[in-house]
$ cat entry_18.cif   # mmCIF, C-alpha atoms
data_my_file
#
loop_
_atom_site.label_atom_id
_atom_site.label_comp_id
_atom_site.auth_asym_id
_atom_site.auth_seq_id
_atom_site.Cartn_x
_atom_site.Cartn_y
_atom_site.Cartn_z
CA MET A 1 -0.29 40.38 -70.73
CA SER A 2 0.35 41.77 -74.20
CA GLU A 3 -2.48 43.58 -75.96
CA MET A 4 -4.76 41.33 -77.99
CA THR A 5 -6.64 42.02 -81.17
CA SER A 6 -10.36 42.53 -80.83
CA ARG A 7 -11.04 39.16 -82.43
CA GLU A 8 -8.64 37.36 -80.10
CA ARG A 9 -10.13 39.17 -77.11
CA VAL A 10 -13.73 38.24 -77.93
CA LEU A 11 -13.00 34.61 -78.74
CA LYS A 12 -10.90 34.10 -75.61
CA ALA A 13 -13.66 35.54 -73.43
CA ILE A 14 -16.20 33.19 -75.06
CA GLU A 15 -13.88 30.30 -74.19
CA HIS A 16 -14.22 31.35 -70.52
CA LYS A 17 -10.65 32.53 -70.28
CA GLU A 18 -9.44 35.95 -69.22
CA PRO A 19 -8.18 38.10 -72.11
CA ASP A 20 -6.26 41.33 -71.68
CA HIS A 21 -9.48 43.32 -71.37
CA VAL A 22 -13.19 42.57 -71.19
CA PRO A 23 -14.49 42.72 -74.78
CA ILE A 24 -16.70 45.74 -75.48
CA ASN A 25 -19.80 45.78 -77.66
CA PHE A 26 -21.57 48.81 -79.09
CA GLY A 27 -23.70 48.10 -82.14
CA GLY A 28 -21.90 44.83 -82.85
CA GLU A 29 -25.35 43.44 -83.63
CA TYR A 30 -28.61 45.27 -84.16
CA ASP A 31 -30.07 44.86 -80.65
CA SER A 32 -27.08 46.32 -78.81
CA GLY A 33 -26.70 49.69 -80.48
CA ILE A 34 -28.69 52.88 -80.56
CA LEU A 35 -31.97 54.20 -81.96
CA GLU A 36 -32.86 57.27 -83.97
CA SER A 37 -36.50 58.41 -83.90
CA ILE A 38 -37.18 61.38 -86.18
CA PRO A 39 -37.94 64.16 -85.34
CA LYS A 40 -37.92 64.14 -81.50
CA GLY A 41 -35.94 61.08 -80.50
CA LEU A 42 -32.56 61.92 -82.05
CA VAL A 43 -30.42 60.15 -79.47
CA TYR A 44 -27.87 58.97 -82.06
CA THR A 45 -27.56 62.47 -83.51
CA ARG A 46 -27.17 63.94 -80.03
CA LEU A 47 -24.46 61.40 -79.21
CA CYS A 48 -22.50 62.19 -82.38
CA GLN A 49 -22.78 65.92 -81.70
CA TYR A 50 -21.70 65.45 -78.08
CA LEU A 51 -18.61 63.62 -79.34
CA GLY A 52 -17.93 66.34 -81.91
CA PHE A 53 -18.74 64.19 -84.96
CA TYR A 54 -20.93 66.73 -86.72
CA ASP A 55 -20.08 65.34 -90.15
CA ARG A 56 -21.37 61.85 -89.44
CA PRO A 57 -23.12 60.13 -92.36
CA GLU A 58 -26.91 60.31 -92.46
CA PRO A 59 -28.14 57.44 -90.28
CA ILE A 60 -29.63 54.44 -92.05
CA ILE A 61 -32.60 53.19 -90.04
CA ALA A 62 -33.81 49.58 -90.03
CA ASP A 63 -37.27 48.79 -91.41
CA PHE A 64 -38.77 48.80 -87.93
CA GLY A 65 -37.58 49.47 -84.43
CA ASN A 66 -35.59 52.58 -85.45
CA ILE A 67 -32.25 50.82 -85.14
CA VAL A 68 -29.28 52.71 -86.62
CA THR A 69 -27.53 50.22 -88.90
CA ASN A 70 -24.53 52.38 -89.90
CA ILE A 71 -23.10 53.60 -86.59
CA ASP A 72 -20.16 55.89 -87.33
CA GLU A 73 -16.89 53.99 -87.10
CA ARG A 74 -15.40 56.86 -85.09
CA VAL A 75 -18.00 56.33 -82.38
CA GLN A 76 -17.27 52.61 -82.19
CA LYS A 77 -13.53 53.25 -81.98
CA LYS A 78 -14.06 55.93 -79.35
CA PHE A 79 -15.91 53.39 -77.22
CA GLY A 80 -13.37 50.61 -77.88
CA ALA A 81 -15.97 48.37 -79.54
CA ASP A 82 -14.53 44.96 -80.45
CA ILE A 83 -17.37 43.58 -82.61
CA ARG A 84 -18.66 44.58 -86.05
CA VAL A 85 -21.85 43.39 -87.73
CA ILE A 86 -22.72 42.02 -91.15
CA SER A 87 -26.27 41.25 -92.29
CA PRO A 88 -27.98 39.80 -95.34
CA GLY A 89 -29.77 42.14 -97.69
CA ILE A 90 -33.56 42.52 -97.43
CA ARG A 91 -35.73 44.00 -100.16
CA ARG A 92 -37.86 46.96 -99.14
CA ALA A 93 -41.10 47.95 -100.88
CA LYS A 94 -42.26 51.34 -99.64
CA ILE A 95 -45.86 52.34 -100.29
CA GLU A 96 -48.37 55.01 -99.34
CA SER A 97 -51.68 54.11 -97.70
CA ASP A 98 -54.62 56.34 -96.71
CA GLY A 99 -52.43 59.43 -96.74
CA THR A 100 -50.21 57.99 -93.98
CA LYS A 101 -46.68 56.94 -94.78
CA THR A 102 -46.45 53.18 -94.40
CA TRP A 103 -44.24 50.57 -95.94
CA GLU A 104 -44.12 46.88 -96.56
CA ALA A 105 -41.28 44.79 -95.18
CA LEU A 106 -40.33 41.14 -95.52
CA GLY A 107 -43.34 38.82 -95.74
CA GLY A 108 -45.97 41.51 -96.19
CA LEU A 109 -45.47 43.21 -92.81
CA MET A 110 -47.08 46.66 -92.76
CA ILE A 111 -45.16 49.28 -90.78
CA LYS A 112 -45.72 52.89 -89.80
CA ARG A 113 -44.57 55.47 -87.28
CA MET A 114 -46.27 55.11 -83.89
CA GLY A 115 -44.97 57.61 -81.36
CA TYR A 116 -41.19 57.36 -81.35
CA TYR A 117 -41.08 54.04 -83.17
CA ASP A 118 -41.64 52.48 -86.58
CA GLU A 119 -43.57 49.30 -85.82
CA VAL A 120 -45.76 46.65 -87.39
CA PHE A 121 -49.33 47.97 -87.17
CA ASP A 122 -51.32 45.50 -89.26
CA PHE A 123 -50.86 41.75 -88.94
CA PRO A 124 -51.54 40.26 -92.39
CA MET A 125 -52.20 36.71 -91.14
CA LYS A 126 -54.28 37.68 -88.10
CA ASP A 127 -57.47 36.07 -89.46
CA MET A 128 -55.87 32.97 -90.96
CA THR A 129 -56.53 29.67 -89.22
CA SER A 130 -55.90 26.82 -91.68
CA ILE A 131 -53.06 25.13 -93.52
CA LYS A 132 -54.75 26.20 -96.75
CA ASP A 133 -54.44 29.84 -95.62
CA ILE A 134 -50.70 29.33 -95.14
CA LYS A 135 -50.29 27.76 -98.59
CA ASN A 136 -52.29 30.52 -100.26
CA TYR A 137 -50.57 33.44 -98.52
CA SER A 138 -49.34 35.71 -101.30
CA PHE A 139 -46.50 37.58 -99.59
CA TRP A 140 -44.01 34.84 -98.81
CA PRO A 141 -40.50 36.16 -99.56
CA ASP A 142 -38.47 34.90 -102.50
CA THR A 143 -35.75 32.81 -100.88
CA LYS A 144 -33.66 33.12 -104.07
CA ASP A 145 -33.77 36.92 -104.14
CA PRO A 146 -30.24 38.01 -105.17
CA ILE A 147 -30.34 40.98 -102.79
CA ILE A 148 -29.88 38.55 -99.86
CA THR A 149 -26.28 37.80 -100.82
CA LYS A 150 -25.31 40.71 -103.09
CA GLY A 151 -21.82 41.87 -102.10
CA LYS A 152 -21.86 39.96 -98.82
CA ARG A 153 -18.92 37.64 -99.50
CA GLU A 154 -16.76 40.63 -100.40
CA GLU A 155 -17.92 42.57 -97.32
CA ALA A 156 -17.28 39.66 -94.96
CA LYS A 157 -13.88 38.90 -96.54
CA ARG A 158 -12.82 42.54 -96.19
CA LEU A 159 -13.90 42.68 -92.52
CA HIS A 160 -12.08 39.42 -91.78
CA GLU A 161 -8.84 40.16 -93.64
CA GLU A 162 -8.52 43.93 -93.32
CA THR A 163 -9.68 44.42 -89.72
CA ASP A 164 -9.06 42.55 -86.50
CA TYR A 165 -12.60 42.92 -85.17
CA ALA A 166 -14.78 39.98 -84.23
CA ILE A 167 -17.50 39.71 -86.89
CA LEU A 168 -21.09 38.92 -85.91
CA ALA A 169 -23.63 37.93 -88.54
CA CYS A 170 -27.01 39.41 -87.62
CA SER A 171 -29.84 37.98 -89.72
CA PHE A 172 -33.52 38.90 -89.65
CA PHE A 173 -34.12 35.41 -91.04
CA SER A 174 -33.08 34.06 -87.62
CA THR A 175 -36.31 35.51 -86.19
CA MET A 176 -38.14 32.77 -88.08
CA PRO A 177 -40.27 31.21 -86.81
CA PHE A 178 -41.19 32.92 -83.54
CA ASN A 179 -40.74 36.69 -83.70
CA SER A 180 -41.87 36.51 -87.30
CA TYR A 181 -44.94 34.50 -86.29
CA ALA A 182 -45.92 37.29 -83.86
CA PHE A 183 -45.25 39.96 -86.50
CA LEU A 184 -47.50 38.17 -88.99
CA THR A 185 -50.40 37.15 -86.73
CA GLY A 186 -50.06 39.39 -83.67
CA MET A 187 -48.49 38.45 -80.34
CA GLU A 188 -51.72 37.13 -78.85
CA ARG A 189 -52.31 34.76 -81.75
CA TRP A 190 -48.77 33.36 -81.55
CA LEU A 191 -49.28 32.47 -77.88
CA MET A 192 -52.89 31.26 -78.17
CA ASP A 193 -52.32 29.16 -81.29
CA MET A 194 -49.96 26.90 -79.34
CA LYS A 195 -52.88 25.79 -77.19
CA LEU A 196 -56.00 26.44 -79.25
CA ASN A 197 -54.86 25.62 -82.77
CA PRO A 198 -51.64 23.60 -82.58
CA THR A 199 -52.12 22.19 -86.08
CA PHE A 200 -51.98 25.70 -87.52
CA TYR A 201 -49.20 26.67 -85.11
CA PHE A 202 -46.86 23.89 -86.19
CA ALA A 203 -47.72 24.33 -89.87
CA LEU A 204 -46.93 28.06 -89.79
CA CYS A 205 -43.77 27.49 -87.75
CA ASP A 206 -42.65 24.82 -90.22
CA LYS A 207 -43.22 27.21 -93.13
CA LEU A 208 -41.34 30.07 -91.45
CA MET A 209 -38.55 27.70 -90.41
CA GLU A 210 -38.24 26.48 -93.99
CA LEU A 211 -38.04 30.02 -95.39
CA GLY A 212 -35.66 31.33 -92.73
CA SER A 213 -33.38 28.30 -93.05
CA GLU A 214 -33.19 28.61 -96.84
CA MET A 215 -32.33 32.31 -96.72
CA ASN A 216 -29.84 31.89 -93.88
CA ALA A 217 -28.20 29.04 -95.80
CA ARG A 218 -27.70 31.26 -98.84
CA PHE A 219 -26.27 34.03 -96.66
CA LEU A 220 -23.99 31.71 -94.69
CA GLN A 221 -22.69 30.03 -97.84
CA GLU A 222 -21.26 33.46 -98.69
CA VAL A 223 -20.01 34.64 -95.28
CA GLY A 224 -19.71 31.53 -93.09
CA ASP A 225 -15.94 31.19 -93.50
CA TYR A 226 -15.34 34.77 -92.39
CA ILE A 227 -17.63 35.32 -89.41
CA ASP A 228 -16.84 34.64 -85.75
CA ILE A 229 -20.36 34.75 -84.30
CA MET A 230 -23.84 34.04 -85.69
CA GLY A 231 -26.85 35.66 -84.05
CA ILE A 232 -30.29 34.12 -83.54
CA TYR A 233 -33.20 36.17 -82.24
CA ASP A 234 -36.42 35.34 -80.42
CA ASP A 235 -37.89 36.97 -77.31
CA LEU A 236 -39.25 34.61 -74.68
CA GLY A 237 -39.42 36.65 -71.49
CA THR A 238 -41.34 39.32 -69.63
CA GLN A 239 -40.03 41.24 -66.62
CA LYS A 240 -41.51 38.52 -64.37
CA GLY A 241 -40.75 35.29 -66.18
CA LEU A 242 -41.25 33.38 -69.41
CA LEU A 243 -44.08 34.15 -71.79
CA MET A 244 -45.13 30.51 -71.40
CA SER A 245 -44.52 27.57 -69.10
CA HIS A 246 -41.21 25.80 -69.35
CA SER A 247 -42.94 22.64 -70.56
CA ASP A 248 -44.60 24.62 -73.35
CA TYR A 249 -41.23 26.13 -74.23
CA ARG A 250 -39.81 22.60 -74.58
CA LYS A 251 -42.72 21.51 -76.75
CA PHE A 252 -43.33 24.53 -78.95
CA ILE A 253 -40.03 26.45 -79.11
CA HIS A 254 -37.00 24.36 -78.23
CA PRO A 255 -37.13 21.91 -81.18
CA TYR A 256 -37.17 24.75 -83.71
CA THR A 257 -34.21 26.49 -82.08
CA LYS A 258 -32.34 23.17 -82.16
CA GLN A 259 -33.18 22.82 -85.84
CA MET A 260 -32.03 26.38 -86.55
CA ILE A 261 -28.67 25.82 -84.86
CA GLU A 262 -28.15 22.53 -86.68
CA GLY A 263 -28.80 24.37 -89.95
CA ILE A 264 -26.29 27.08 -89.09
CA ARG A 265 -23.66 24.48 -88.18
CA LYS A 266 -23.74 23.13 -91.76
CA TYR A 267 -22.18 26.35 -93.04
CA THR A 268 -20.05 27.86 -90.27
CA ASP A 269 -18.15 27.08 -87.10
CA ALA A 270 -19.03 30.51 -85.69
CA LYS A 271 -20.08 30.85 -82.08
CA ILE A 272 -23.84 31.10 -81.50
CA PHE A 273 -25.22 34.34 -80.02
CA ARG A 274 -28.76 34.14 -78.61
CA HIS A 275 -30.84 37.29 -78.06
CA CYS A 276 -33.75 36.84 -75.66
CA CYS A 277 -35.34 39.81 -73.87
CA GLY A 278 -36.85 39.71 -70.40
CA SER A 279 -36.41 37.01 -67.78
CA GLY A 280 -34.84 34.07 -69.59
CA TYR A 281 -33.57 32.46 -66.39
CA ASP A 282 -35.74 29.36 -66.76
CA VAL A 283 -34.36 28.54 -70.23
CA ILE A 284 -30.66 29.28 -69.79
CA LYS A 285 -29.94 25.60 -69.08
CA ASP A 286 -31.81 24.76 -72.28
CA PHE A 287 -29.70 27.28 -74.20
CA ILE A 288 -26.56 25.67 -72.84
CA GLU A 289 -27.89 22.24 -73.82
CA LEU A 290 -28.36 23.54 -77.38
CA GLY A 291 -24.75 24.68 -77.57
CA ILE A 292 -25.49 28.41 -77.43
CA ASP A 293 -22.30 30.25 -76.58
CA ILE A 294 -23.46 33.81 -75.81
CA TYR A 295 -26.61 35.08 -74.09
CA HIS A 296 -27.86 38.63 -74.61
CA PRO A 297 -29.15 40.87 -73.08
CA ALA A 298 -29.50 39.41 -69.53
CA GLN A 299 -31.66 42.31 -68.36
CA PRO A 300 -30.73 42.90 -64.70
CA GLY A 301 -34.17 44.21 -63.65
CA ALA A 302 -36.06 41.08 -64.71
CA LYS A 303 -36.95 38.26 -62.31
CA ASN A 304 -34.04 36.00 -61.30
CA MET A 305 -31.70 37.87 -63.66
CA GLU A 306 -29.52 39.41 -60.98
CA PRO A 307 -25.94 39.51 -62.33
CA TRP A 308 -24.47 37.67 -59.32
CA ARG A 309 -27.03 34.88 -59.76
CA LEU A 310 -26.36 34.42 -63.48
CA LYS A 311 -22.58 34.47 -63.03
CA LYS A 312 -22.68 32.03 -60.13
CA GLU A 313 -25.08 29.52 -61.69
CA PHE A 314 -24.18 29.69 -65.39
CA GLY A 315 -20.97 31.70 -65.72
CA LYS A 316 -18.80 28.67 -66.52
CA ASP A 317 -21.07 27.45 -69.30
CA ILE A 318 -22.29 30.47 -71.25
CA THR A 319 -20.95 33.95 -71.99
CA PHE A 320 -23.06 36.91 -70.92
CA CYS A 321 -23.23 39.90 -73.27
CA THR A 322 -24.67 42.53 -70.95
CA GLY A 323 -23.78 45.02 -68.23
CA ILE A 324 -25.04 48.42 -69.44
CA ASP A 325 -28.67 48.54 -68.32
CA ILE A 326 -30.74 50.62 -70.77
CA GLN A 327 -34.02 50.35 -68.83
CA ARG A 328 -33.22 52.25 -65.64
CA MET A 329 -29.55 52.98 -65.20
CA LEU A 330 -28.53 54.56 -68.51
CA PRO A 331 -31.46 56.97 -68.97
CA PHE A 332 -31.98 58.03 -65.35
CA GLU A 333 -28.66 57.89 -63.47
CA THR A 334 -26.08 60.67 -63.29
CA PRO A 335 -22.87 60.13 -65.30
CA ASP A 336 -21.05 59.33 -62.06
CA GLY A 337 -23.76 56.86 -61.10
CA VAL A 338 -23.48 55.23 -64.53
CA LYS A 339 -19.74 54.80 -64.11
CA LYS A 340 -20.16 53.17 -60.71
CA ALA A 341 -22.90 50.84 -61.96
CA VAL A 342 -20.86 49.67 -64.95
CA LYS A 343 -17.81 49.13 -62.74
CA LYS A 344 -19.93 46.92 -60.47
CA MET A 345 -21.13 44.85 -63.44
CA ILE A 346 -17.53 44.32 -64.49
CA GLN A 347 -16.56 43.19 -61.00
CA ILE A 348 -19.37 40.62 -60.98
CA TYR A 349 -19.28 39.25 -64.53
CA ALA A 350 -15.66 39.58 -65.66
CA PRO A 351 -13.64 37.20 -63.40
CA GLY A 352 -12.82 34.01 -65.30
CA GLY A 353 -13.92 35.39 -68.66
CA GLY A 354 -17.31 34.61 -70.18
CA PHE A 355 -18.32 38.27 -70.33
CA ILE A 356 -18.77 40.88 -73.07
CA ILE A 357 -19.79 44.29 -71.82
CA SER A 358 -22.74 45.57 -73.84
CA PRO A 359 -25.98 47.53 -73.68
CA THR A 360 -28.84 45.33 -72.54
CA HIS A 361 -30.71 46.40 -75.67
CA ASN A 362 -30.69 49.36 -78.03
CA ILE A 363 -30.15 52.72 -76.35
CA GLU A 364 -33.49 54.54 -76.20
CA PRO A 365 -34.41 58.14 -77.21
CA ASP A 366 -34.62 59.40 -73.60
CA THR A 367 -30.95 58.66 -72.87
CA PRO A 368 -28.56 61.58 -72.24
CA PRO A 369 -25.43 61.33 -74.43
CA GLU A 370 -23.18 62.09 -71.45
CA ASN A 371 -24.45 58.91 -69.78
CA ILE A 372 -23.62 56.81 -72.84
CA VAL A 373 -20.12 58.22 -72.88
CA ALA A 374 -19.76 57.64 -69.12
CA ALA A 375 -20.73 53.97 -69.53
CA TYR A 376 -18.01 53.35 -72.09
CA GLU A 377 -15.44 55.38 -70.20
CA SER A 378 -16.09 53.08 -67.26
CA ALA A 379 -15.89 50.01 -69.49
CA ASN A 380 -12.49 51.06 -70.76
CA GLU A 381 -11.19 52.19 -67.37
CA TYR A 382 -12.16 49.26 -65.15
CA ALA A 383 -12.24 46.24 -67.47
CA LYS A 384 -8.53 45.43 -67.73
CA TYR A 385 -7.57 42.05 -66.34
CA PRO A 386 -6.96 40.96 -63.65
CA ILE A 387 -10.35 42.05 -62.30
CA ASN A 388 -10.93 42.53 -58.59
CA SER A 389 -14.32 40.94 -57.96
CA ASN A 390 -14.60 42.93 -54.73
CA GLY A 391 -16.69 40.21 -53.08
CA SER A 392 -19.66 40.92 -55.36
CA ILE A 393 -20.80 37.30 -55.78
CA PRO A 394 -22.42 35.74 -52.69
CA LYS A 395 -20.79 32.59 -51.33
CA ALA A 396 -24.12 30.83 -50.81
#
$ encode --input "entry_18.cif" --output "structure tokens"
Amino acid sequence: MSEMTSRERVLKAIEHKEPDHVPINFGGEYDSGILESIPKGLVYTRLCQYLGFYDRPEPIIADFGNIVTNIDERVQKKFGADIRVISPGIRRAKIESDGTKTWEALGGLMIKRMGYYDEVFDFPMKDMTSIKDIKNYSFWPDTKDPIITKGKREEAKRLHEETDYAILACSFFSTMPFNSYAFLTGMERWLMDMKLNPTFYFALCDKLMELGSEMNARFLQEVGDYIDIMGIYDDLGTQKGLLMSHSDYRKFIHPYTKQMIEGIRKYTDAKIFRHCCGSGYDVIKDFIELGIDIYHPAQPGAKNMEPWRLKKEFGKDITFCTGIDIQRMLPFETPDGVKKAVKKMIQIYAPGGGFIISPTHNIEPDTPPENIVAAYESANEYAKYPINSNGSIPKA
């Protein structure tokens, strides 16, 4: 088979066909890259130094979560990464509070350093309980803010016409309503409001859905013709199962995700990428029903998320973007152990297509750089088609 472009490779895999090589993802969207936690968790800096890229640009860190948003292109090429990311602009308003450096992000979220991570520490809607509170909230973002789209058409056009990478649009607005609900009220409130105050729950979800849809629409009007994949983001799982019952998922979550996808489809034919941490096994059929094309991160240590199980039950209907476990394997294995583990993931997931090899979330500060390099060496060495499955998937 002749060598494909990155874009051809990714799209063929999503169509459940075998390309020349399993597509590789490193930082192709903001939950599959690497962190940088100043001053002690400099895993991105250590990686660049290990690779000899001492002149790498100063890392640009996302508002929270410590995600590096400008991974050096030399690192991505070294790893053979096939996907590049584009995101809408978000206005930042940094402030000082009580002598501790904090800052305000979209929607009035207050963030500060806690241990290794920059996280939301004060939930501005935690005491709100009525529709009037929602209407009177003073920090709703301006959906017409020009920063959302500034330069984005030109950036997307350049990526599409001057590179052959697959382009994934990664939008914080696609966390609305659910992740954003938890950021604004606190996680406990998001879950309890479904049962104890459903009137408030649906009203706040409707408001967040309205805002997110309007801002995504403006972004997609600029980039929709140039992107290959559109990401949506909401976490539904723990290590042991869903955060809620499946019936509650269908009542409180599913209709909004359907609405979000329908809104996206007005502006682009891009494939839909769905990020969902933890054990999402019980909703994968629902994702397929919604027309979701790619599921990330498929964490292998969570309940019912064994790679053989996912490939056997769903591998013909949805593409798995996974394979480099960041919870146990990448930080704690030897480089040789990492190579063997990644090879095994390729043998399980790759036959028949429907697989993009990727970290199962952002690479954490405790990860040795030699293990990161070993993972991508294995990905490049063992992922050429045809793949020998080596009997990894049980017959029954």
$ resolve_selection --input "entry_18.cif" --expression "the PyMOL selection byres ((chain A and resi 302) around 8)" --output "list of chain:residue names"
A:Thr238, A:Gln239, A:Lys240, A:Gly241, A:Gly278, A:Ser279, A:Gln299, A:Pro300, A:Gly301, A:Lys303, A:Asn304, A:Met305, A:Glu306
$ write_last_selection --input "entry_18.cif" --atoms "C-alpha atoms" --output "PDB file, keeping the file's coordinate frame"
ATOM      1  CA  THR A 238     -41.340  39.320 -69.630  1.00  0.00           C
ATOM      2  CA  GLN A 239     -40.030  41.240 -66.620  1.00  0.00           C
ATOM      3  CA  LYS A 240     -41.510  38.520 -64.370  1.00  0.00           C
ATOM      4  CA  GLY A 241     -40.750  35.290 -66.180  1.00  0.00           C
ATOM      5  CA  GLY A 278     -36.850  39.710 -70.400  1.00  0.00           C
ATOM      6  CA  SER A 279     -36.410  37.010 -67.780  1.00  0.00           C
ATOM      7  CA  GLN A 299     -31.660  42.310 -68.360  1.00  0.00           C
ATOM      8  CA  PRO A 300     -30.730  42.900 -64.700  1.00  0.00           C
ATOM      9  CA  GLY A 301     -34.170  44.210 -63.650  1.00  0.00           C
ATOM     10  CA  LYS A 303     -36.950  38.260 -62.310  1.00  0.00           C
ATOM     11  CA  ASN A 304     -34.040  36.000 -61.300  1.00  0.00           C
ATOM     12  CA  MET A 305     -31.700  37.870 -63.660  1.00  0.00           C
ATOM     13  CA  GLU A 306     -29.520  39.410 -60.980  1.00  0.00           C
TER      14      GLU A 306
END
$ atom_distance --input "entry_18.cif" --atom1 "atom CA of Ile356 of chain A" --atom2 "atom CA of Gly52 of chain A"
27.0 Å
$ closest_residue --input "entry_18.cif" --among "A:Pro368, A:Pro198, A:Pro177, A:Gly280" --to "Thr257 of chain A" --atoms "all atoms listed in the file"
A:Pro177
$ resolve_selection --input "entry_18.cif" --expression "the PyMOL selection byres ((chain A and resi 314) around 12)" --output "PyMOL selection string"
chain A and resi 16+281-289+293-295+298+305-313+315-320+349+354-355
$ residues_around --input "entry_18.cif" --residues "Leu159 of chain A" --least-positions-apart "5" --cutoff "10 Å" --atoms "only C-alpha atoms" --output "list in words"
Arg84, Val85, Ile86, Arg153, Glu154, Asp164, Tyr165, Ala166, Ile167, Tyr226 and Ile227 of chain A
$ resolve_selection --input "entry_18.cif" --expression "the PyMOL selection byres ((chain A and resi 43) around 9)" --output "PyMOL selection string"
chain A and resi 34-37+40-42+44-48+363-369
$ residues_around --input "entry_18.cif" --residues "segment 344-346 of chain A" --least-positions-apart "5" --cutoff "9 Å" --atoms "all atoms listed in the file" --output "list of chain:residue names"
A:Val22, A:Pro307, A:Trp308, A:Thr322, A:Gly323, A:Ile324, A:Lys339, A:Pro351, A:Phe355, A:Ile357, A:Ala379, A:Tyr382, A:Ala383, A:Ile387, A:Ser389, A:Asn390, A:Ser392
$ atom_distance --input "entry_18.cif" --atom1 "atom CA of Gly107 of chain A" --atom2 "atom CA of Ile134 of chain A"
12.0 Å
$ atom_distance --input "entry_18.cif" --atom1 "atom CA of Pro141 of chain A" --atom2 "atom CA of Ala62 of chain A"
17.8 Å
$ closest_residue --input "entry_18.cif" --among "A:Gln49, A:Ser378, A:Ser174, A:Ser180" --to "Trp140 of chain A" --atoms "only C-alpha atoms"
A:Ser180
$ closest_residue --input "entry_18.cif" --among "A:Met125, A:Ala13, A:Met4, A:Ile232" --to "Tyr30 of chain A" --atoms "all atoms listed in the file"
A:Ile232
